file my_file-v6.cif (mmCIF, C-alpha atoms and all ligand atoms)
data_upload
loop_
_atom_site.label_atom_id
_atom_site.label_comp_id
_atom_site.auth_asym_id
_atom_site.auth_seq_id
_atom_site.Cartn_x
_atom_site.Cartn_y
_atom_site.Cartn_z
CA MET J 1399 66.83 86.23 121.01
CA SER J 1400 64.81 88.99 119.37
CA LEU J 1401 64.19 88.88 115.66
CA ARG J 1402 66.49 91.89 115.28
CA ASN J 1403 69.35 90.16 117.11
CA ARG J 1404 68.79 86.94 115.16
CA LEU J 1405 68.95 88.91 111.92
CA LEU J 1406 72.13 90.62 113.10
CA ALA J 1407 73.66 87.26 114.03
CA VAL J 1408 72.88 85.81 110.60
CA LEU J 1409 74.15 88.95 108.96
CA SER J 1410 77.46 88.95 110.84
CA VAL J 1411 78.05 85.25 110.11
CA SER J 1412 77.55 85.88 106.43
CA LEU J 1413 79.82 88.94 106.60
CA PHE J 1414 82.58 86.97 108.28
CA SER J 1415 82.34 84.09 105.84
CA ALA J 1416 82.25 86.27 102.72
CA PRO J 1417 85.65 86.66 101.07
CA ALA J 1418 84.87 90.38 100.69
CA PHE J 1419 85.42 90.78 104.42
CA ALA J 1420 89.04 89.69 104.14
CA ALA J 1421 89.59 92.30 101.46
CA GLU J 1422 88.43 95.26 103.57
CA GLU J 1423 90.49 98.32 102.73
CA ILE J 1424 93.35 99.41 105.00
CA VAL J 1425 93.85 103.17 105.30
CA VAL J 1426 97.38 104.52 105.80
CA TYR J 1427 98.42 108.04 106.78
CA SER J 1428 101.87 108.45 105.27
CA ALA J 1429 104.53 111.12 105.65
CA ARG J 1430 106.58 109.21 103.12
CA ILE J 1431 106.00 110.48 99.58
CA ASP J 1432 103.73 108.50 97.21
CA GLU J 1433 106.44 107.16 94.90
CA LEU J 1434 108.31 105.65 97.86
CA ILE J 1435 105.31 103.79 99.21
CA LYS J 1436 102.87 102.92 96.41
CA PRO J 1437 104.87 100.02 94.90
CA VAL J 1438 104.99 98.38 98.35
CA PHE J 1439 101.21 98.61 98.82
CA ASP J 1440 100.63 97.45 95.24
CA ALA J 1441 102.73 94.36 95.95
CA TYR J 1442 100.74 93.66 99.13
CA THR J 1443 97.42 94.03 97.34
CA ALA J 1444 98.60 91.75 94.53
CA LYS J 1445 99.61 89.12 97.08
CA THR J 1446 96.66 89.30 99.49
CA GLY J 1447 93.81 91.01 97.66
CA VAL J 1448 93.66 93.60 100.46
CA PRO J 1449 93.36 97.13 99.04
CA VAL J 1450 95.50 99.80 100.70
CA LYS J 1451 94.43 103.44 100.50
CA PHE J 1452 96.99 106.01 101.54
CA ILE J 1453 96.83 109.69 102.34
CA THR J 1454 100.13 111.55 102.09
CA ASP J 1455 100.91 114.70 104.04
CA LYS J 1456 103.63 116.15 106.22
CA GLU J 1457 104.26 114.83 109.70
CA ALA J 1458 102.57 117.57 111.75
CA PRO J 1459 99.26 117.75 109.82
CA LEU J 1460 98.93 113.94 109.93
CA LEU J 1461 99.45 113.87 113.69
CA ALA J 1462 97.04 116.78 114.18
CA ARG J 1463 94.49 114.96 112.05
CA LEU J 1464 94.84 111.74 114.07
CA GLN J 1465 94.38 113.74 117.28
CA ALA J 1466 91.34 115.60 115.96
CA GLU J 1467 89.68 112.48 114.53
CA GLY J 1468 90.24 110.46 117.69
CA ALA J 1469 88.08 107.33 117.77
CA ASN J 1470 86.52 108.30 114.43
CA THR J 1471 89.73 108.13 112.45
CA PRO J 1472 89.66 106.11 109.23
CA ALA J 1473 93.45 105.57 109.57
CA ASP J 1474 94.78 102.11 110.44
CA LEU J 1475 98.50 102.77 110.08
CA LEU J 1476 100.81 105.79 110.43
CA ILE J 1477 104.02 105.80 108.41
CA THR J 1478 106.63 108.46 109.06
CA VAL J 1479 110.35 109.15 109.23
CA ASP J 1480 112.75 109.56 112.14
CA ALA J 1481 112.50 107.87 115.52
CA GLY J 1482 112.04 111.36 117.01
CA ASN J 1483 108.74 111.71 115.16
CA LEU J 1484 107.54 108.18 115.92
CA TRP J 1485 108.34 108.74 119.58
CA GLN J 1486 106.28 111.96 119.49
CA ALA J 1487 103.36 110.08 117.92
CA GLU J 1488 103.59 107.48 120.67
CA GLN J 1489 103.69 110.20 123.37
CA GLN J 1490 100.61 111.83 121.86
CA GLY J 1491 98.77 108.55 122.29
CA VAL J 1492 97.83 108.04 118.65
CA LEU J 1493 99.55 104.64 118.30
CA LYS J 1494 98.53 101.23 119.59
CA PRO J 1495 101.28 99.14 121.22
CA LEU J 1496 101.51 95.75 119.51
CA GLN J 1497 102.72 92.37 120.64
CA SER J 1498 104.13 90.93 117.44
CA PRO J 1499 106.56 88.02 117.52
CA VAL J 1500 106.92 88.52 113.74
CA ILE J 1501 108.16 92.12 114.05
CA GLU J 1502 110.28 91.20 117.07
CA ALA J 1503 111.99 88.50 115.00
CA ASN J 1504 112.44 90.72 111.93
CA ILE J 1505 113.58 94.07 113.34
CA PRO J 1506 116.44 94.55 115.88
CA PRO J 1507 115.28 96.01 119.23
CA GLN J 1508 117.18 99.32 118.92
CA TYR J 1509 115.00 100.15 115.89
CA ARG J 1510 111.65 99.56 117.66
CA SER J 1511 109.72 101.14 120.50
CA PRO J 1512 110.07 99.00 123.65
CA THR J 1513 106.26 99.22 124.02
CA GLY J 1514 105.63 97.92 120.49
CA ALA J 1515 103.94 101.20 119.47
CA TRP J 1516 106.15 101.62 116.39
CA THR J 1517 108.81 99.81 114.42
CA GLY J 1518 111.50 100.94 112.02
CA LEU J 1519 111.16 99.65 108.45
CA SER J 1520 114.17 101.17 106.70
CA LEU J 1521 117.41 102.76 107.86
CA ARG J 1522 119.41 105.79 106.79
CA ALA J 1523 122.71 107.01 108.15
CA ARG J 1524 123.19 110.70 108.95
CA THR J 1525 126.82 110.93 108.05
CA ILE J 1526 129.62 113.18 106.80
CA ALA J 1527 129.68 114.25 103.14
CA TYR J 1528 132.91 115.76 101.83
CA SER J 1529 134.37 117.40 98.74
CA THR J 1530 136.53 114.98 96.80
CA GLU J 1531 138.45 118.01 95.48
CA ARG J 1532 139.31 119.72 98.77
CA VAL J 1533 139.21 117.02 101.45
CA LYS J 1534 141.15 113.78 101.87
CA PRO J 1535 139.19 111.12 103.76
CA ALA J 1536 142.22 110.69 106.07
CA GLU J 1537 141.51 114.20 107.40
CA LEU J 1538 138.12 113.04 108.66
CA SER J 1539 137.46 110.97 111.77
CA THR J 1540 134.39 111.74 113.92
CA TYR J 1541 131.31 114.01 114.17
CA GLU J 1542 133.02 115.61 117.16
CA ALA J 1543 136.16 116.47 115.16
CA LEU J 1544 134.12 118.68 112.80
CA ALA J 1545 134.31 121.18 115.69
CA ASP J 1546 138.12 121.40 115.30
CA ALA J 1547 139.83 124.56 114.02
CA GLN J 1548 140.87 122.67 110.86
CA TRP J 1549 137.27 123.04 109.56
CA GLU J 1550 136.86 126.74 110.25
CA GLY J 1551 134.83 128.34 107.46
CA ARG J 1552 134.48 124.95 105.72
CA LEU J 1553 131.41 123.28 107.29
CA CYS J 1554 127.82 123.27 105.99
CA LEU J 1555 124.84 122.34 108.18
CA ARG J 1556 121.11 122.03 107.66
CA SER J 1557 118.73 123.91 109.94
CA SER J 1558 118.48 122.74 113.57
CA LYS J 1559 114.68 122.83 113.12
CA LYS J 1560 114.88 119.56 111.19
CA VAL J 1561 114.23 116.51 113.32
CA TYR J 1562 117.21 114.69 111.71
CA ASN J 1563 119.64 117.11 113.39
CA GLN J 1564 117.69 117.04 116.64
CA SER J 1565 117.97 113.24 116.72
CA LEU J 1566 121.70 113.31 115.96
CA THR J 1567 122.22 115.86 118.75
CA ALA J 1568 120.13 113.72 121.13
CA THR J 1569 122.52 110.81 120.54
CA LEU J 1570 125.52 113.10 121.17
CA ILE J 1571 123.98 114.11 124.51
CA GLU J 1572 123.46 110.43 125.33
CA ALA J 1573 127.12 109.70 124.52
CA HIS J 1574 128.84 112.76 126.03
CA GLY J 1575 126.40 114.57 128.34
CA ALA J 1576 124.95 118.02 127.73
CA ALA J 1577 127.98 120.17 128.59
CA ARG J 1578 130.40 118.42 126.22
CA THR J 1579 127.73 118.24 123.48
CA GLU J 1580 127.17 121.98 123.73
CA GLU J 1581 130.93 122.54 123.23
CA ILE J 1582 130.85 120.32 120.13
CA ILE J 1583 127.82 122.07 118.65
CA LYS J 1584 129.32 125.51 119.36
CA GLY J 1585 132.43 124.32 117.54
CA TRP J 1586 130.33 123.28 114.52
CA VAL J 1587 128.47 126.59 114.47
CA GLY J 1588 131.80 128.43 114.71
CA ASN J 1589 133.07 126.51 111.70
CA LEU J 1590 130.10 127.26 109.42
CA ALA J 1591 130.97 128.45 105.93
CA THR J 1592 127.52 129.88 105.34
CA ASP J 1593 123.98 130.12 106.73
CA VAL J 1594 122.25 126.81 107.48
CA PHE J 1595 120.40 125.09 104.63
CA ALA J 1596 116.71 124.24 104.40
CA ASP J 1597 117.44 120.77 103.03
CA ASP J 1598 120.18 118.17 102.62
CA THR J 1599 120.17 118.34 98.82
CA ALA J 1600 121.01 122.06 98.78
CA LEU J 1601 123.79 121.31 101.28
CA LEU J 1602 125.29 118.60 99.05
CA GLN J 1603 125.11 120.94 96.04
CA ALA J 1604 126.94 123.61 98.09
CA ILE J 1605 129.79 121.15 98.74
CA ASP J 1606 129.87 120.23 95.06
CA ALA J 1607 129.90 123.91 94.06
CA GLY J 1608 132.75 124.78 96.44
CA GLN J 1609 130.78 126.80 98.98
CA CYS J 1610 131.93 124.47 101.75
CA ASP J 1611 134.01 121.30 102.11
CA VAL J 1612 132.16 119.07 104.59
CA GLY J 1613 128.63 118.64 105.90
CA LEU J 1614 126.14 116.28 107.52
CA VAL J 1615 123.47 114.55 105.41
CA ASN J 1616 121.17 111.55 105.24
CA THR J 1617 122.56 108.93 102.91
CA TYR J 1618 119.54 108.72 100.57
CA TYR J 1619 119.83 112.42 99.60
CA PHE J 1620 123.37 111.67 98.48
CA GLY J 1621 122.06 108.64 96.58
CA ARG J 1622 119.41 110.68 94.76
CA LEU J 1623 121.84 113.42 93.76
CA GLN J 1624 124.49 110.94 92.68
CA LYS J 1625 121.93 109.28 90.41
CA GLN J 1626 121.15 112.63 88.76
CA ASP J 1627 124.81 113.63 88.54
CA PRO J 1628 127.24 110.68 88.44
CA ASP J 1629 130.14 113.17 88.36
CA LEU J 1630 129.19 114.69 91.71
CA LYS J 1631 132.41 115.81 93.43
CA VAL J 1632 131.11 114.68 96.81
CA LYS J 1633 131.52 111.41 98.73
CA LEU J 1634 130.26 109.92 101.98
CA PHE J 1635 132.52 109.25 104.97
CA TRP J 1636 131.62 106.95 107.87
CA PRO J 1637 132.65 108.67 111.13
CA ASN J 1638 133.28 107.25 114.62
CA GLN J 1639 134.33 103.83 113.37
CA ASN J 1640 136.71 103.44 116.32
CA ASP J 1641 134.07 104.23 118.90
CA ARG J 1642 130.25 104.17 118.89
CA GLY J 1643 129.67 104.19 115.12
CA VAL J 1644 127.62 106.18 112.60
CA HIS J 1645 124.27 107.68 113.62
CA VAL J 1646 121.57 105.64 111.95
CA ASN J 1647 117.93 106.68 111.95
CA LEU J 1648 114.85 105.15 110.36
CA SER J 1649 111.55 105.41 108.67
CA GLY J 1650 108.88 103.40 110.39
CA ALA J 1651 105.26 102.85 111.21
CA GLY J 1652 102.73 102.03 113.89
CA VAL J 1653 99.12 100.85 113.99
CA THR J 1654 96.89 103.72 115.11
CA LYS J 1655 95.18 103.61 118.49
CA TYR J 1656 91.69 103.67 116.96
CA ALA J 1657 92.47 101.67 113.81
CA PRO J 1658 89.15 100.45 112.33
CA HIS J 1659 90.99 97.31 111.09
CA PRO J 1660 93.73 96.65 113.66
CA ALA J 1661 94.36 93.01 112.73
CA ALA J 1662 94.61 93.80 109.03
CA ALA J 1663 96.89 96.76 109.77
CA GLN J 1664 99.15 94.60 111.93
CA ALA J 1665 99.32 91.97 109.17
CA LEU J 1666 100.40 94.65 106.67
CA LEU J 1667 103.03 96.02 109.07
CA GLU J 1668 104.35 92.51 109.75
CA TRP J 1669 104.59 91.85 106.02
CA MET J 1670 106.45 95.15 105.53
CA SER J 1671 109.07 93.93 108.04
CA SER J 1672 109.48 90.61 106.21
CA THR J 1673 112.30 89.53 103.91
CA GLU J 1674 109.76 89.56 101.09
CA ALA J 1675 108.97 93.30 101.39
CA GLN J 1676 112.10 94.80 102.94
CA GLY J 1677 114.27 94.91 99.83
CA LEU J 1678 111.59 96.76 97.86
CA PHE J 1679 110.69 99.15 100.69
CA ALA J 1680 114.32 100.14 101.37
CA SER J 1681 115.54 100.34 97.78
CA LEU J 1682 112.75 102.70 96.66
CA ASN J 1683 114.46 105.43 98.71
CA GLN J 1684 118.01 104.05 98.53
CA GLU J 1685 117.85 103.10 102.21
CA TYR J 1686 119.11 100.13 104.21
CA PRO J 1687 116.61 97.39 105.11
CA ALA J 1688 115.81 97.41 108.84
CA ASN J 1689 115.58 93.61 108.69
CA PRO J 1690 119.23 92.45 108.90
CA ALA J 1691 118.45 89.33 106.86
CA VAL J 1692 117.97 91.52 103.77
CA LYS J 1693 120.89 93.06 101.88
CA PRO J 1694 120.80 96.68 100.68
CA SER J 1695 120.56 97.37 96.93
CA ALA J 1696 123.78 97.32 94.89
CA GLU J 1697 123.87 101.12 94.59
CA VAL J 1698 123.55 101.56 98.37
CA ALA J 1699 126.06 98.76 99.08
CA ALA J 1700 128.53 100.60 96.83
CA TRP J 1701 128.89 103.33 99.49
CA GLY J 1702 130.73 100.79 101.63
CA GLU J 1703 130.11 99.03 104.91
CA PHE J 1704 130.21 100.77 108.25
CA LYS J 1705 129.72 100.24 111.94
CA ALA J 1706 126.42 101.76 113.09
CA ASP J 1707 125.74 103.25 116.51
CA SER J 1708 123.69 100.64 118.39
CA ILE J 1709 121.99 103.16 120.66
CA PRO J 1710 118.22 102.49 121.07
CA LEU J 1711 116.62 105.09 118.80
CA GLU J 1712 113.91 106.03 121.27
CA VAL J 1713 116.70 108.20 122.76
CA ALA J 1714 116.10 110.50 119.78
CA GLY J 1715 112.60 111.12 121.10
CA LYS J 1716 113.35 111.13 124.81
CA ARG J 1717 116.08 113.74 124.46
CA GLN J 1718 114.47 115.74 121.63
CA ALA J 1719 113.36 118.72 123.76
CA GLU J 1720 116.75 118.84 125.50
CA ALA J 1721 118.57 118.64 122.16
CA THR J 1722 116.46 121.40 120.61
CA MET J 1723 117.15 123.77 123.52
CA LEU J 1724 120.86 122.94 123.46
CA MET J 1725 121.12 123.62 119.71
CA ASP J 1726 119.36 126.93 120.25
CA ARG J 1727 121.76 127.92 123.06
CA ALA J 1728 124.72 126.96 120.91
CA GLY J 1729 123.54 129.29 118.14
CA TRP J 1730 122.55 126.64 115.57
CA ASN J 1731 119.78 128.27 113.55
FE FE E 1 114.32 113.14 104.35
#

call {"tool": "encode", "arguments": {"input": "my_file-v6.cif", "output": "structure tokens"}}
result
Amino acid sequence: MSLRNRLLAVLSVSLFSAPAFAAEEIVVYSARIDELIKPVFDAYTAKTGVPVKFITDKEAPLLARLQAEGANTPADLLITVDAGNLWQAEQQGVLKPLQSPVIEANIPPQYRSPTGAWTGLSLRARTIAYSTERVKPAELSTYEALADAQWEGRLCLRSSKKVYNQSLTATLIEAHGAARTEEIIKGWVGNLATDVFADDTALLQAIDAGQCDVGLVNTYYFGRLQKQDPDLKVKLFWPNQNDRGVHVNLSGAGVTKYAPHPAAAQALLEWMSSTEAQGLFASLNQEYPANPAVKPSAEVAAWGEFKADSIPLEVAGKRQAEATMLMDRAGWN
């Protein structure tokens, strides 16, 4: 062994034995806003001593950055929302498939990639919101029934450009086929009270203000608005309880393909799926824990129990392009 190699060997032994090595920083690229993620990382650092640095941006710039950085990326973990987006990240090759018995035990299979490239960490339903002044819950039944003539001029929708609506449509195609789904979507578009909204909060406010009577939203937007305005004249309804159930989507994460610290990143992800972290992670955004052993917060539980669609969520990714084209054909802006 050369002197140089001997020195390197000594050096690496001392590096591995030093406690500082265990505390090497994990870098996270996060499409989830700071306030919803920082308390979780703070808790992990307090428990393990491992510092977590996170960079927050929108979905597309984070993915572009991972692509551009390639093997030189500093990112260990990608956190984002919607199975459609996680599926895209997997297709783009920026995630590393994991074999993790811990995650497999903690998170049901329909909320994970079959390859292990990503896992869901919290769940949100995309469900019907209705005016408590102008709609009786008995008038509501299914997503499909919002295409009925009864709702003409009374429905509000968010833009079809949002992945949440693309994923919901993908599950409709999976359930009904493309032709029937296009009829349903055309029915929705024909029932619109007004132009599509840029976000779910504006949509909920439109129902409250009387601009429309029903709409489709993610549960946590309702939770946020209800917190600000306890007198909100809007409630949530759980559709399709006699058939496949409510469309549930997720926020989730995957270890990056070129993670500089893959083992540390996997340990963090496994901890985030654990009973210890799930309550905190989900309740920060008024979501449902993806780990079924953990109960939702009291404020989320107050919206009532429902049957969720058990469709594997990778369908949201696999049928995303088809769904987007179908929505376009049906006139959903
Ligand atoms: Fe959102």

call {"tool": "atom_distance", "arguments": {"input": "my_file-v6.cif", "atom1": "atom CA of J:Asp1474", "atom2": "atom CA of J:Glu1674"}}
result
21.7 Å

call {"tool": "residues_near_ligand", "arguments": {"input": "my_file-v6.cif", "ligand": "ligand FE 1 (chain E)", "cutoff": "12 Å", "atoms": "only C-alpha atoms and all ligand atoms", "output": "PyMOL selection string"}}
result
chain J and resi 1429-1431+1434+1456-1457+1478-1480+1521-1524+1556+1560-1563+1596-1599+1615-1622+1647-1649+1683-1685

call {"tool": "residues_around", "arguments": {"input": "my_file-v6.cif", "residues": "J:Asp1707", "least_positions_apart": "6", "cutoff": "6 Å", "atoms": "all atoms listed in the file", "output": "list in words"}}
result
Arg1642, Gly1643, Val1644 and His1645 of chain J

call {"tool": "closest_residue", "arguments": {"input": "my_file-v6.cif", "among": "J:Thr1454, J:Asn1589, J:Gln1564, J:Ser1681", "to": "J:Leu1724", "atoms": "all atoms listed in the file"}}
result
J:Gln1564

call {"tool": "closest_residue", "arguments": {"input": "my_file-v6.cif", "among": "J:Ala1651, J:Ala1721, J:Ala1469, J:Leu1601", "to": "J:Trp1485", "atoms": "all atoms listed in the file"}}
result
J:Ala1651

call {"tool": "closest_atom_pairs", "arguments": {"input": "my_file-v6.cif", "of": "stretch 1516-1593 of chain J", "to": "stretch 1505-1512 of chain J", "cutoff": "10 Å", "atoms": "all atoms listed in the file", "output": "Markdown table"}}
result
| residue | atom | partner | partner_atom | distance |
| --- | --- | --- | --- | --- |
| J:Trp1516 | CA | J:Ser1511 | CA | 5.5 |
| J:Thr1517 | CA | J:Arg1510 | CA | 4.3 |
| J:Gly1518 | CA | J:Tyr1509 | CA | 5.3 |
| J:Leu1519 | CA | J:Ile1505 | CA | 7.8 |
| J:Ser1520 | CA | J:Tyr1509 | CA | 9.3 |
| J:Leu1521 | CA | J:Tyr1509 | CA | 8.8 |

call {"tool": "residues_near_point", "arguments": {"input": "my_file-v6.cif", "point": "(125.5, 117.7, 126.6)", "cutoff": "12 Å", "atoms": "all atoms listed in the file", "output": "ChimeraX atom specification"}}
result
/J:1567-1584,1717,1720-1725,1727-1728

call {"tool": "atom_distance", "arguments": {"input": "my_file-v6.cif", "atom1": "atom CA of J:Val1492", "atom2": "atom CA of J:Val1426"}}
result
13.3 Å

call {"tool": "closest_residue", "arguments": {"input": "my_file-v6.cif", "among": "J:Gly1608, J:Pro1437, J:Gly1729, J:Gly1650", "to": "J:Ala1688", "atoms": "all atoms listed in the file"}}
result
J:Gly1650

call {"tool": "closest_residue", "arguments": {"input": "my_file-v6.cif", "among": "J:Asn1504, J:Asn1638, J:Ser1695, J:Thr1446", "to": "J:Ile1526", "atoms": "all atoms listed in the file"}}
result
J:Asn1638

call {"tool": "atom_distance", "arguments": {"input": "my_file-v6.cif", "atom1": "atom CA of J:Ser1672", "atom2": "atom CA of J:Ser1565"}}
result
26.4 Å

call {"tool": "residues_around", "arguments": {"input": "my_file-v6.cif", "residues": "J:Ala1663", "least_positions_apart": "5", "cutoff": "7 Å", "atoms": "all atoms listed in the file", "output": "NGL selection string"}}
result
:J and (1424 or 1474-1475 or 1653)

call {"tool": "write_last_selection", "arguments": {"input": "my_file-v6.cif", "atoms": "C-alpha atoms", "output": "compact mmCIF listing (two decimals), keeping the file's coordinate frame"}}
result
# COMPACT_ATOMS: atom_id res chain seq x y z
CA ILE J 1424 93.35 99.41 105.00
CA ASP J 1474 94.78 102.11 110.44
CA LEU J 1475 98.50 102.77 110.08
CA VAL J 1653 99.12 100.85 113.99

call {"tool": "closest_residue", "arguments": {"input": "my_file-v6.cif", "among": "J:Leu1711, J:Leu1682, J:Ala1543, J:Ala1473", "to": "J:Val1698", "atoms": "only C-alpha atoms"}}
result
J:Leu1682

call {"tool": "residues_around", "arguments": {"input": "my_file-v6.cif", "residues": "J:Leu1590", "least_positions_apart": "6", "cutoff": "8 Å", "atoms": "all atoms listed in the file", "output": "ChimeraX atom specification"}}
result
/J:1550-1555

call {"tool": "closest_residue", "arguments": {"input": "my_file-v6.cif", "among": "J:Gln1548, J:Ala1600, J:Pro1637, J:Lys1716", "to": "J:Thr1525", "atoms": "all atoms listed in the file"}}
result
J:Pro1637

call {"tool": "residues_around", "arguments": {"input": "my_file-v6.cif", "residues": "J:Leu1630", "least_positions_apart": "2", "cutoff": "10 Å", "atoms": "only C-alpha atoms", "output": "list of chain:residue names"}}
result
J:Ser1529, J:Thr1530, J:Leu1602, J:Gln1603, J:Ile1605, J:Asp1606, J:Ala1607, J:Phe1620, J:Leu1623, J:Gln1624, J:Lys1625, J:Gln1626, J:Asp1627, J:Pro1628, J:Val1632, J:Lys1633

call {"tool": "decode", "arguments": {"input": "my_file-v6.cif", "residues": "stretch 1648-1660 of chain J", "atoms": "N, CA, C and O atoms", "output": "mmCIF file, in the first residue's frame"}}
result
data_model
loop_
_atom_site.group_PDB
_atom_site.id
_atom_site.type_symbol
_atom_site.label_atom_id
_atom_site.label_comp_id
_atom_site.auth_asym_id
_atom_site.auth_seq_id
_atom_site.Cartn_x
_atom_site.Cartn_y
_atom_site.Cartn_z
ATOM 1 N N LEU J 1648 -52.237 12.280 -2.444
ATOM 2 C CA LEU J 1648 -51.234 12.292 -1.378
ATOM 3 C C LEU J 1648 -50.182 13.361 -1.584
ATOM 4 O O LEU J 1648 -50.044 13.937 -2.641
ATOM 5 N N SER J 1649 -49.450 13.608 -0.508
ATOM 6 C CA SER J 1649 -48.142 14.226 -0.655
ATOM 7 C C SER J 1649 -47.149 13.123 -0.331
ATOM 8 O O SER J 1649 -47.471 12.189 0.407
ATOM 9 N N GLY J 1650 -45.974 13.186 -0.918
ATOM 10 C CA GLY J 1650 -45.045 12.082 -0.707
ATOM 11 C C GLY J 1650 -43.630 12.476 -1.037
ATOM 12 O O GLY J 1650 -43.343 13.646 -1.308
ATOM 13 N N ALA J 1651 -42.768 11.475 -1.046
ATOM 14 C CA ALA J 1651 -41.347 11.757 -1.230
ATOM 15 C C ALA J 1651 -40.620 10.541 -1.777
ATOM 16 O O ALA J 1651 -41.093 9.412 -1.677
ATOM 17 N N GLY J 1652 -39.444 10.810 -2.337
ATOM 18 C CA GLY J 1652 -38.559 9.742 -2.784
ATOM 19 C C GLY J 1652 -37.110 10.179 -2.614
ATOM 20 O O GLY J 1652 -36.804 11.375 -2.668
ATOM 21 N N VAL J 1653 -36.225 9.203 -2.401
ATOM 22 C CA VAL J 1653 -34.790 9.476 -2.354
ATOM 23 C C VAL J 1653 -34.334 9.730 -3.790
ATOM 24 O O VAL J 1653 -34.773 9.048 -4.714
ATOM 25 N N THR J 1654 -33.493 10.725 -3.982
ATOM 26 C CA THR J 1654 -33.069 11.059 -5.345
ATOM 27 C C THR J 1654 -32.067 10.024 -5.870
ATOM 28 O O THR J 1654 -31.361 9.371 -5.098
ATOM 29 N N LYS J 1655 -32.025 9.907 -7.195
ATOM 30 C CA LYS J 1655 -31.170 8.905 -7.825
ATOM 31 C C LYS J 1655 -29.701 9.095 -7.450
ATOM 32 O O LYS J 1655 -28.975 8.130 -7.237
ATOM 33 N N TYR J 1656 -29.265 10.349 -7.373
ATOM 34 C CA TYR J 1656 -27.852 10.619 -7.093
ATOM 35 C C TYR J 1656 -27.662 11.200 -5.692
ATOM 36 O O TYR J 1656 -26.763 12.013 -5.469
ATOM 37 N N ALA J 1657 -28.528 10.793 -4.762
ATOM 38 C CA ALA J 1657 -28.430 11.314 -3.389
ATOM 39 C C ALA J 1657 -27.005 11.132 -2.862
ATOM 40 O O ALA J 1657 -26.478 10.018 -2.872
ATOM 41 N N PRO J 1658 -26.371 12.229 -2.373
ATOM 42 C CA PRO J 1658 -25.037 12.081 -1.780
ATOM 43 C C PRO J 1658 -25.062 11.250 -0.489
ATOM 44 O O PRO J 1658 -24.059 10.655 -0.131
ATOM 45 N N HIS J 1659 -26.217 11.224 0.195
ATOM 46 C CA HIS J 1659 -26.332 10.466 1.452
ATOM 47 C C HIS J 1659 -27.554 9.561 1.405
ATOM 48 O O HIS J 1659 -28.531 9.776 2.145
ATOM 49 N N PRO J 1660 -27.527 8.527 0.543
ATOM 50 C CA PRO J 1660 -28.749 7.730 0.333
ATOM 51 C C PRO J 1660 -29.240 7.003 1.585
ATOM 52 O O PRO J 1660 -30.445 6.926 1.818
#
